[in-house]
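Worksheet for the structure shown next.
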Amino acid sequence: MKSGSIAKLLAILFAAAIFLQAAPLLAADQELNVIAAYNAKDDIFNKFSEDTGIKVNMLDMSSGEVLARMRAEKGRPLADVWFGGGVDAFIAAKNDGLLEQYSSPQAEYILDKYKDPDGYWTGISLVTVDFVVNKGVLEEKGIPVPETWQALTGPDFKGEISMSNPSISGTAYFILYSLLSAKGMDDGWDFFAKLDANIPFYAKRGSEPPQRAAMGEAIVGLAPGVWPELQAQGYPITYVYPKDGIPWWPAPVAIFKDAKNLDAAKALVDWALSKEGQEYLKSKDPRFPTRNDVAPPEELKDVDTSNFIPMDFVKAGAERAEVVKKWQEKFSK
């Protein structure tokens, strides 16, 4: 080989080496803006950043707030990715043209009932509603542990139930819609009139009721899932999955329409739906995974899934505005 050819080859090899060294830096320079309604968010997004080199800027916001702000902004994306929350808001956002279509390769492992058929959102976990009960206050007052929704309407719980606002919180909307579906509209609204009498005010986010119950500001917080971080702090709480029906829904992930960081957004969706991602999610926030090859967390092994209230999520999303308006007319405080 001539000396000139050798010099050219060395130059090419040197340039390739520089590119390979720079590739991880390019990944590390990527940023992603995420709106999330999920427990252990900092741990989850730090793990994603560690695995991919993509920095996450995160904003905590309830799904109803996200939907309202997106509509007010006339579709201008608030972030790149929407992570967790009520599936009703995601369905409404899809119908409003606010989401980007993306079918992740990992979505093939997700059951059809947990994802949008057109690829606009995919469930990353199943949220189950339970009663977060302060055992200490119950024992002090000599009140039996409530095991049904009907028990919460009794006089022992006057002013002692904490629930979030269905017009803002995805958790609260699905409590409302699930029980209306299970009891029938007339009986359902009658039930909520009785429950409302025991609720002093409605919180803005689904995470507030369990915290109020833990601190003894309420006896029962209507909450999504379990809260090991509150137990770790020594709060005397226990969990009750109501025998007369468990509201549940898939918590989705989606990409906002016209997201600025589309490739990074797809990377987060892929990671959250991967086997490794779902194993990590359930280790930080114990929920039922949506992948068919990931087992439920130990904390939920005794939950009777036959008590899940049958749900039509598309109908729940389509009727959201009408149901929320009626709730506001009846119970907004």
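Residue names in the structure tokens use chain letters A, B, ... in the order shown, residue numbers from 1 in each chain, and ligand numbers from 1 in the order shown.
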
Show me, as a short mmCIF file (atom, residue, chain, number, x, y, z; two decimals) with all heavy atoms, in the first residue's frame, the residues that have an atom within 12 Å of A:Asp43 when counting only C-alpha atoms, minus same-chain residues fewer than 6 positions from it.
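Resulting contents of around.cif:
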```cif
data_model
loop_
_atom_site.label_atom_id
_atom_site.label_comp_id
_atom_site.auth_asym_id
_atom_site.auth_seq_id
_atom_site.Cartn_x
_atom_site.Cartn_y
_atom_site.Cartn_z
N SER A 49 -32.60 7.83 32.77
CA SER A 49 -31.44 8.64 32.37
C SER A 49 -30.15 7.83 32.48
O SER A 49 -29.28 7.91 31.61
CB SER A 49 -31.34 9.89 33.24
OG SER A 49 -32.46 10.74 33.02
N GLU A 50 -30.06 7.04 33.54
CA GLU A 50 -28.87 6.19 33.73
C GLU A 50 -28.75 5.17 32.62
O GLU A 50 -27.65 4.88 32.12
CB GLU A 50 -29.00 5.48 35.09
CG GLU A 50 -27.88 4.52 35.42
CD GLU A 50 -28.16 3.77 36.71
OE1 GLU A 50 -28.56 4.42 37.71
OE2 GLU A 50 -28.01 2.53 36.72
N VAL A 56 -33.95 14.03 31.92
CA VAL A 56 -35.40 14.26 32.00
C VAL A 56 -35.70 15.49 32.86
O VAL A 56 -35.22 15.59 33.99
CB VAL A 56 -36.13 13.03 32.58
CG1 VAL A 56 -37.61 13.34 32.79
CG2 VAL A 56 -35.96 11.82 31.67
N MET A 58 -38.90 17.13 34.58
CA MET A 58 -40.20 16.59 34.93
C MET A 58 -41.09 17.60 35.62
O MET A 58 -40.62 18.38 36.46
CB MET A 58 -40.00 15.34 35.81
CG MET A 58 -41.27 14.57 36.11
SD MET A 58 -42.08 15.14 37.62
CE MET A 58 -40.85 14.74 38.84
N TYR A 280 -38.68 -2.51 36.83
CA TYR A 280 -38.22 -1.40 37.67
C TYR A 280 -39.41 -0.57 38.17
O TYR A 280 -39.45 -0.18 39.34
CB TYR A 280 -37.25 -0.50 36.89
CG TYR A 280 -36.60 0.53 37.78
CD1 TYR A 280 -35.54 0.19 38.61
CD2 TYR A 280 -37.08 1.84 37.82
CE1 TYR A 280 -34.97 1.12 39.46
CE2 TYR A 280 -36.50 2.78 38.67
CZ TYR A 280 -35.45 2.41 39.48
OH TYR A 280 -34.89 3.34 40.34
N LEU A 281 -40.37 -0.30 37.30
CA LEU A 281 -41.54 0.48 37.71
C LEU A 281 -42.25 -0.17 38.89
O LEU A 281 -42.60 0.49 39.86
CB LEU A 281 -42.52 0.62 36.54
CG LEU A 281 -42.13 1.53 35.38
CD1 LEU A 281 -43.20 1.50 34.29
CD2 LEU A 281 -41.92 2.95 35.84
N LYS A 282 -42.47 -1.48 38.80
CA LYS A 282 -43.21 -2.13 39.89
C LYS A 282 -42.40 -2.21 41.17
O LYS A 282 -42.97 -2.29 42.26
CB LYS A 282 -43.67 -3.53 39.46
CG LYS A 282 -42.60 -4.61 39.50
CD LYS A 282 -43.18 -6.00 39.27
CE LYS A 282 -42.13 -7.08 39.49
NZ LYS A 282 -42.64 -8.44 39.27
N SER A 283 -41.06 -2.15 41.05
CA SER A 283 -40.23 -2.16 42.26
C SER A 283 -40.30 -0.83 43.00
O SER A 283 -40.07 -0.77 44.21
CB SER A 283 -38.77 -2.47 41.90
OG SER A 283 -38.14 -1.36 41.29
N LYS A 284 -40.61 0.24 42.29
CA LYS A 284 -40.68 1.57 42.89
C LYS A 284 -42.11 2.00 43.23
O LYS A 284 -42.32 2.74 44.19
CB LYS A 284 -40.04 2.60 41.95
CG LYS A 284 -38.53 2.44 41.80
CD LYS A 284 -37.85 2.64 43.15
CE LYS A 284 -36.36 2.43 43.09
NZ LYS A 284 -35.73 2.64 44.41
N ASP A 285 -43.06 1.58 42.43
CA ASP A 285 -44.47 1.89 42.68
C ASP A 285 -45.25 0.60 42.41
O ASP A 285 -45.55 0.29 41.25
CB ASP A 285 -44.93 3.01 41.76
CG ASP A 285 -46.36 3.44 42.05
OD1 ASP A 285 -46.93 2.98 43.06
OD2 ASP A 285 -46.91 4.25 41.28
#
```

I want to know what sits within 9 Å of A:Val137, based on only C-alpha atoms, with residues of the same chain fewer than 2 positions away left out; could you give that as number ranges by chain? A: 133-135, 139-143, 216, 218-219, 236

Based on the selection just made, write C-alpha atoms of those residues as a PDB file, in the first residue's frame.
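Listing of part.pdb after writing:
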```
ATOM      1  CA  VAL A 133     -56.909   3.550  56.344  1.00  0.00           C
ATOM      2  CA  ASN A 134     -55.314   5.049  59.455  1.00  0.00           C
ATOM      3  CA  LYS A 135     -55.404   2.138  61.916  1.00  0.00           C
ATOM      4  CA  GLU A 139     -58.610   2.046  67.133  1.00  0.00           C
ATOM      5  CA  GLU A 140     -58.860   5.281  69.125  1.00  0.00           C
ATOM      6  CA  LYS A 141     -62.457   5.789  68.005  1.00  0.00           C
ATOM      7  CA  GLY A 142     -63.421   2.107  68.155  1.00  0.00           C
ATOM      8  CA  ILE A 143     -64.559   2.040  64.525  1.00  0.00           C
ATOM      9  CA  GLY A 216     -54.521  11.422  60.728  1.00  0.00           C
ATOM     10  CA  ALA A 218     -58.768  11.770  57.668  1.00  0.00           C
ATOM     11  CA  ILE A 219     -59.486   8.159  58.582  1.00  0.00           C
ATOM     12  CA  PRO A 236     -49.999   3.491  60.894  1.00  0.00           C
TER      13      PRO A 236
END
```

Go through A:Ser274, A:Val269, A:Pro242, A:Lys41 one by one, measure the shortest atom-to-atom distance of each to A:Gly119 using only C-alpha atoms, and give the residue with the smallest value. A:Val269

If we count only C-alpha atoms and set the cut-off at 9 Å, which residues sit around stretch 194-204 of chain A, ignoring sequence neighbours fewer than 6 positions away in its own chain? Please answer as a list in words. Ser62, Trp149, Gln150, Leu152, Thr153, Gly154, Pro155, Phe157, Lys158, Gly159, Glu160, Ile161, Ser162, Met163, Ser164, Asn165, Pro166, Ser167, Ile168, Ser169, Phe331, Ser332 and Lys333 of chain A

Got time to write the residues from that selection, C-alpha atoms, as a compact mmCIF listing (two decimals), in the first residue's frame?
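Saved the output as result-v4.txt:
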```
# COMPACT_ATOMS: atom_id res chain seq x y z
CA SER A 62 -52.86 15.64 37.26
CA TRP A 149 -67.95 1.40 49.65
CA GLN A 150 -71.26 1.39 51.47
CA LEU A 152 -67.88 4.76 53.99
CA THR A 153 -71.31 6.42 53.93
CA GLY A 154 -71.98 5.63 57.61
CA PRO A 155 -72.06 8.23 60.41
CA PHE A 157 -66.97 8.52 58.83
CA LYS A 158 -68.60 11.96 58.89
CA GLY A 159 -65.86 14.38 57.79
CA GLU A 160 -63.32 11.53 57.74
CA ILE A 161 -63.15 10.59 54.03
CA SER A 162 -60.59 12.19 51.74
CA MET A 163 -61.06 12.06 47.97
CA SER A 164 -59.61 14.07 45.12
CA ASN A 165 -61.60 16.18 42.67
CA PRO A 166 -62.96 14.18 39.68
CA SER A 167 -62.73 17.22 37.41
CA ILE A 168 -58.97 17.41 38.03
CA SER A 169 -57.77 13.98 39.16
CA PHE A 331 -71.09 18.26 44.59
CA SER A 332 -68.45 20.87 43.74
CA LYS A 333 -67.35 22.50 47.02
```

Using backbone DSSP assignments, extract all alpha helix (DSSP H) residues from stretch 83-150 of chain A; output them as number ranges by chain. A: 87-95, 135-141

For stretch 70-77 of chain A, work out the shell of residues within 9 Å, counting only C-alpha atoms and skipping chain neighbours fewer than 4 positions away, then give it as a PyMOL selection string. chain A and resi 65-66+93+96-99+256-260

Which neighbours of A:Phe174 fall inside 10 Å, counting only C-alpha atoms, when residues of the same chain fewer than 4 positions from it are skipped, and could you give them as a ChimeraX atom specification? /A:86-88,127-129,166,169-170,178-180,247-249,311,313,316-317,320

Mind writing the picked residues with N, CA and C atoms as a tab-separated table (two decimals), in the first residue's frame?
```tsv
chain	number	residue	atom	x	y	z
A	86	GLY	N	-55.00	9.30	34.40
A	86	GLY	CA	-56.24	8.64	34.03
A	86	GLY	C	-56.36	8.42	32.54
A	87	VAL	N	-56.69	7.20	32.14
A	87	VAL	CA	-56.77	6.88	30.72
A	87	VAL	C	-57.89	7.66	30.04
A	88	ASP	N	-58.90	8.09	30.80
A	88	ASP	CA	-59.98	8.88	30.21
A	88	ASP	C	-59.46	10.16	29.57
A	127	VAL	N	-53.67	0.78	37.52
A	127	VAL	CA	-53.93	1.46	38.79
A	127	VAL	C	-55.15	0.82	39.44
A	128	THR	N	-55.04	0.46	40.70
A	128	THR	CA	-56.17	-0.09	41.45
A	128	THR	C	-56.45	0.82	42.63
A	129	VAL	N	-57.72	1.12	42.85
A	129	VAL	CA	-58.11	2.01	43.94
A	129	VAL	C	-58.36	1.20	45.21
A	166	PRO	N	-62.85	14.89	40.96
A	166	PRO	CA	-62.96	14.18	39.68
A	166	PRO	C	-62.76	15.05	38.44
A	169	SER	N	-58.54	15.21	38.91
A	169	SER	CA	-57.77	13.98	39.16
A	169	SER	C	-58.32	12.80	38.37
A	170	GLY	N	-57.43	12.11	37.65
A	170	GLY	CA	-57.81	10.90	36.95
A	170	GLY	C	-58.25	9.81	37.91
A	178	SER	N	-66.45	4.43	37.66
A	178	SER	CA	-66.54	2.99	37.93
A	178	SER	C	-67.76	2.66	38.78
A	179	LEU	N	-67.99	3.45	39.82
A	179	LEU	CA	-69.11	3.16	40.71
A	179	LEU	C	-70.45	3.51	40.07
A	180	LEU	N	-70.47	4.54	39.22
A	180	LEU	CA	-71.69	4.82	38.46
A	180	LEU	C	-72.00	3.65	37.52
A	247	PRO	N	-62.32	-0.20	41.62
A	247	PRO	CA	-62.06	0.59	40.40
A	247	PRO	C	-60.61	0.40	39.93
A	248	TRP	N	-60.42	0.39	38.65
A	248	TRP	CA	-59.08	0.19	38.10
A	248	TRP	C	-59.03	0.78	36.69
A	249	TRP	N	-57.82	1.01	36.21
A	249	TRP	CA	-57.63	1.50	34.85
A	249	TRP	C	-56.16	1.38	34.47
A	311	MET	N	-65.09	-2.41	32.98
A	311	MET	CA	-65.02	-1.03	32.50
A	311	MET	C	-64.93	-0.97	30.98
A	313	PHE	N	-63.38	1.63	28.80
A	313	PHE	CA	-62.55	2.82	28.94
A	313	PHE	C	-62.81	3.85	27.85
A	316	ALA	N	-65.81	5.63	28.95
A	316	ALA	CA	-65.46	6.49	30.09
A	316	ALA	C	-64.80	7.77	29.61
A	317	GLY	N	-63.94	7.65	28.59
A	317	GLY	CA	-63.29	8.83	28.05
A	317	GLY	C	-64.26	9.71	27.28
A	320	ARG	N	-66.60	11.69	29.65
A	320	ARG	CA	-65.93	12.39	30.75
A	320	ARG	C	-66.52	13.79	30.98
```

Using DSSP on the backbone coordinates, identify the residues of stretch 66-197 of chain A assigned to strand (DSSP E or B); present them as a PyMOL selection string. chain A and resi 81-83+99-100+110+115+122-134+161-164

So how many Å separate atom CA of A:Ala264 and atom CA of A:Glu31, to one decimal?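 Result for atom CA of A:Ala264 versus atom CA of A:Glu31: 7.3 Å, one decimal.
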
Could you list, as a PyMOL selection string, every residue within 10 Å of A:Ala223, counting only C-alpha atoms and ignoring same-chain residues fewer than 4 positions away? chain A and resi 127-132+162-164+171-172+175+205-211+213+227+239

Selection export as a short mmCIF file (atom, residue, chain, number, x, y, z; two decimals), in the first residue's frame, atoms kept: N, CA and C atoms:
```cif
data_model
loop_
_atom_site.label_atom_id
_atom_site.label_comp_id
_atom_site.auth_asym_id
_atom_site.auth_seq_id
_atom_site.Cartn_x
_atom_site.Cartn_y
_atom_site.Cartn_z
N VAL A 127 -53.67 0.78 37.52
CA VAL A 127 -53.93 1.46 38.79
C VAL A 127 -55.15 0.82 39.44
N THR A 128 -55.04 0.46 40.70
CA THR A 128 -56.17 -0.09 41.45
C THR A 128 -56.45 0.82 42.63
N VAL A 129 -57.72 1.12 42.85
CA VAL A 129 -58.11 2.01 43.94
C VAL A 129 -58.36 1.20 45.21
N ASP A 130 -57.85 1.70 46.31
CA ASP A 130 -58.10 1.08 47.61
C ASP A 130 -58.39 2.14 48.64
N PHE A 131 -58.75 1.69 49.83
CA PHE A 131 -58.90 2.60 50.97
C PHE A 131 -57.58 2.59 51.73
N VAL A 132 -56.92 3.74 51.84
CA VAL A 132 -55.77 3.86 52.73
C VAL A 132 -56.33 4.28 54.09
N SER A 162 -61.32 11.28 52.63
CA SER A 162 -60.59 12.19 51.74
C SER A 162 -60.59 11.61 50.32
N MET A 163 -60.99 12.45 49.38
CA MET A 163 -61.06 12.06 47.97
C MET A 163 -60.62 13.25 47.13
N SER A 164 -60.01 12.98 46.01
CA SER A 164 -59.61 14.07 45.12
C SER A 164 -60.76 14.47 44.21
N THR A 171 -57.59 9.72 39.06
CA THR A 171 -57.98 8.74 40.08
C THR A 171 -59.43 8.94 40.48
N ALA A 172 -59.78 10.17 40.84
CA ALA A 172 -61.13 10.45 41.31
C ALA A 172 -62.17 10.23 40.21
N ILE A 175 -62.86 6.56 40.06
CA ILE A 175 -63.68 6.15 41.20
C ILE A 175 -65.14 6.47 40.89
N ARG A 205 -55.20 16.52 43.88
CA ARG A 205 -54.46 15.42 43.26
C ARG A 205 -54.75 14.11 43.96
N GLY A 206 -54.61 13.02 43.18
CA GLY A 206 -54.87 11.70 43.73
C GLY A 206 -53.90 11.29 44.82
N SER A 207 -52.76 11.96 44.92
CA SER A 207 -51.76 11.62 45.93
C SER A 207 -52.06 12.24 47.29
N GLU A 208 -52.98 13.21 47.34
CA GLU A 208 -53.25 13.89 48.61
C GLU A 208 -54.05 13.06 49.61
N PRO A 209 -55.12 12.35 49.21
CA PRO A 209 -55.90 11.59 50.19
C PRO A 209 -55.09 10.57 51.01
N PRO A 210 -54.20 9.77 50.41
CA PRO A 210 -53.44 8.85 51.26
C PRO A 210 -52.53 9.56 52.26
N GLN A 211 -52.01 10.72 51.86
CA GLN A 211 -51.16 11.49 52.77
C GLN A 211 -51.97 12.04 53.93
N ALA A 213 -54.71 10.72 55.13
CA ALA A 213 -55.05 9.58 56.00
C ALA A 213 -53.85 9.19 56.85
N TRP A 227 -48.73 2.61 49.26
CA TRP A 227 -47.84 3.74 49.53
C TRP A 227 -46.75 3.32 50.52
N TYR A 239 -54.20 -1.10 54.01
CA TYR A 239 -54.90 -0.99 52.74
C TYR A 239 -56.10 -1.93 52.72
#
```

If we count only C-alpha atoms and set the cut-off at 10 Å, which residues sit around A:Pro228, ignoring sequence neighbours fewer than 2 positions away in its own chain? Please answer as a PyMOL selection string. chain A and resi 225-226+230-235+237+284-286+299

Go ahead and save the residues from that selection, with N, CA, C and O atoms, as a tab-separated table (two decimals), in the first residue's frame.
```
chain	number	residue	atom	x	y	z
A	225	GLY	N	-53.47	2.59	44.49
A	225	GLY	CA	-52.37	1.70	44.86
A	225	GLY	C	-51.93	1.79	46.30
A	225	GLY	O	-52.61	2.31	47.18
A	226	VAL	N	-50.72	1.25	46.54
A	226	VAL	CA	-50.15	1.21	47.88
A	226	VAL	C	-49.06	2.28	48.01
A	226	VAL	O	-48.52	2.75	47.01
A	230	LEU	N	-44.95	5.92	52.73
A	230	LEU	CA	-45.63	6.40	53.93
A	230	LEU	C	-45.47	5.40	55.07
A	230	LEU	O	-45.27	5.80	56.23
A	231	GLN	N	-45.54	4.12	54.75
A	231	GLN	CA	-45.33	3.10	55.78
A	231	GLN	C	-43.89	3.16	56.29
A	231	GLN	O	-43.65	2.99	57.49
A	232	ALA	N	-42.95	3.41	55.39
A	232	ALA	CA	-41.54	3.47	55.80
A	232	ALA	C	-41.29	4.63	56.77
A	232	ALA	O	-40.35	4.59	57.57
A	233	GLN	N	-42.14	5.66	56.69
A	233	GLN	CA	-42.00	6.80	57.60
A	233	GLN	C	-42.70	6.55	58.94
A	233	GLN	O	-42.71	7.42	59.81
A	234	GLY	N	-43.28	5.36	59.09
A	234	GLY	CA	-43.88	4.99	60.37
A	234	GLY	C	-45.34	5.31	60.54
A	234	GLY	O	-45.89	5.14	61.64
A	235	TYR	N	-46.00	5.75	59.47
A	235	TYR	CA	-47.43	6.06	59.59
A	235	TYR	C	-48.24	4.76	59.72
A	235	TYR	O	-47.97	3.78	59.01
A	237	ILE	N	-50.76	2.99	58.64
A	237	ILE	CA	-51.78	2.81	57.62
A	237	ILE	C	-51.87	1.35	57.17
A	237	ILE	O	-50.90	0.59	57.27
A	284	LYS	N	-40.61	0.24	42.29
A	284	LYS	CA	-40.68	1.57	42.89
A	284	LYS	C	-42.11	2.00	43.23
A	284	LYS	O	-42.32	2.74	44.19
A	285	ASP	N	-43.06	1.58	42.43
A	285	ASP	CA	-44.47	1.89	42.68
A	285	ASP	C	-45.25	0.60	42.41
A	285	ASP	O	-45.55	0.29	41.25
A	286	PRO	N	-45.55	-0.17	43.45
A	286	PRO	CA	-46.15	-1.50	43.25
A	286	PRO	C	-47.53	-1.45	42.60
A	286	PRO	O	-48.52	-1.10	43.22
A	299	GLU	N	-46.61	-7.12	46.84
A	299	GLU	CA	-47.60	-6.40	47.64
A	299	GLU	C	-49.03	-6.61	47.16
A	299	GLU	O	-49.99	-6.39	47.91
```

Just how far from atom CA of A:Thr238 is atom CA of A:Gly184, in Å to one decimal?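 Interatomic distance, atom CA of A:Gly184 to atom CA of A:Thr238: 29.6 Å.
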
Hey, which of A:Leu111, A:Leu78, A:Ala214, A:Ala89 ends up closest to A:Gly136? Count only C-alpha atoms. A:Ala214
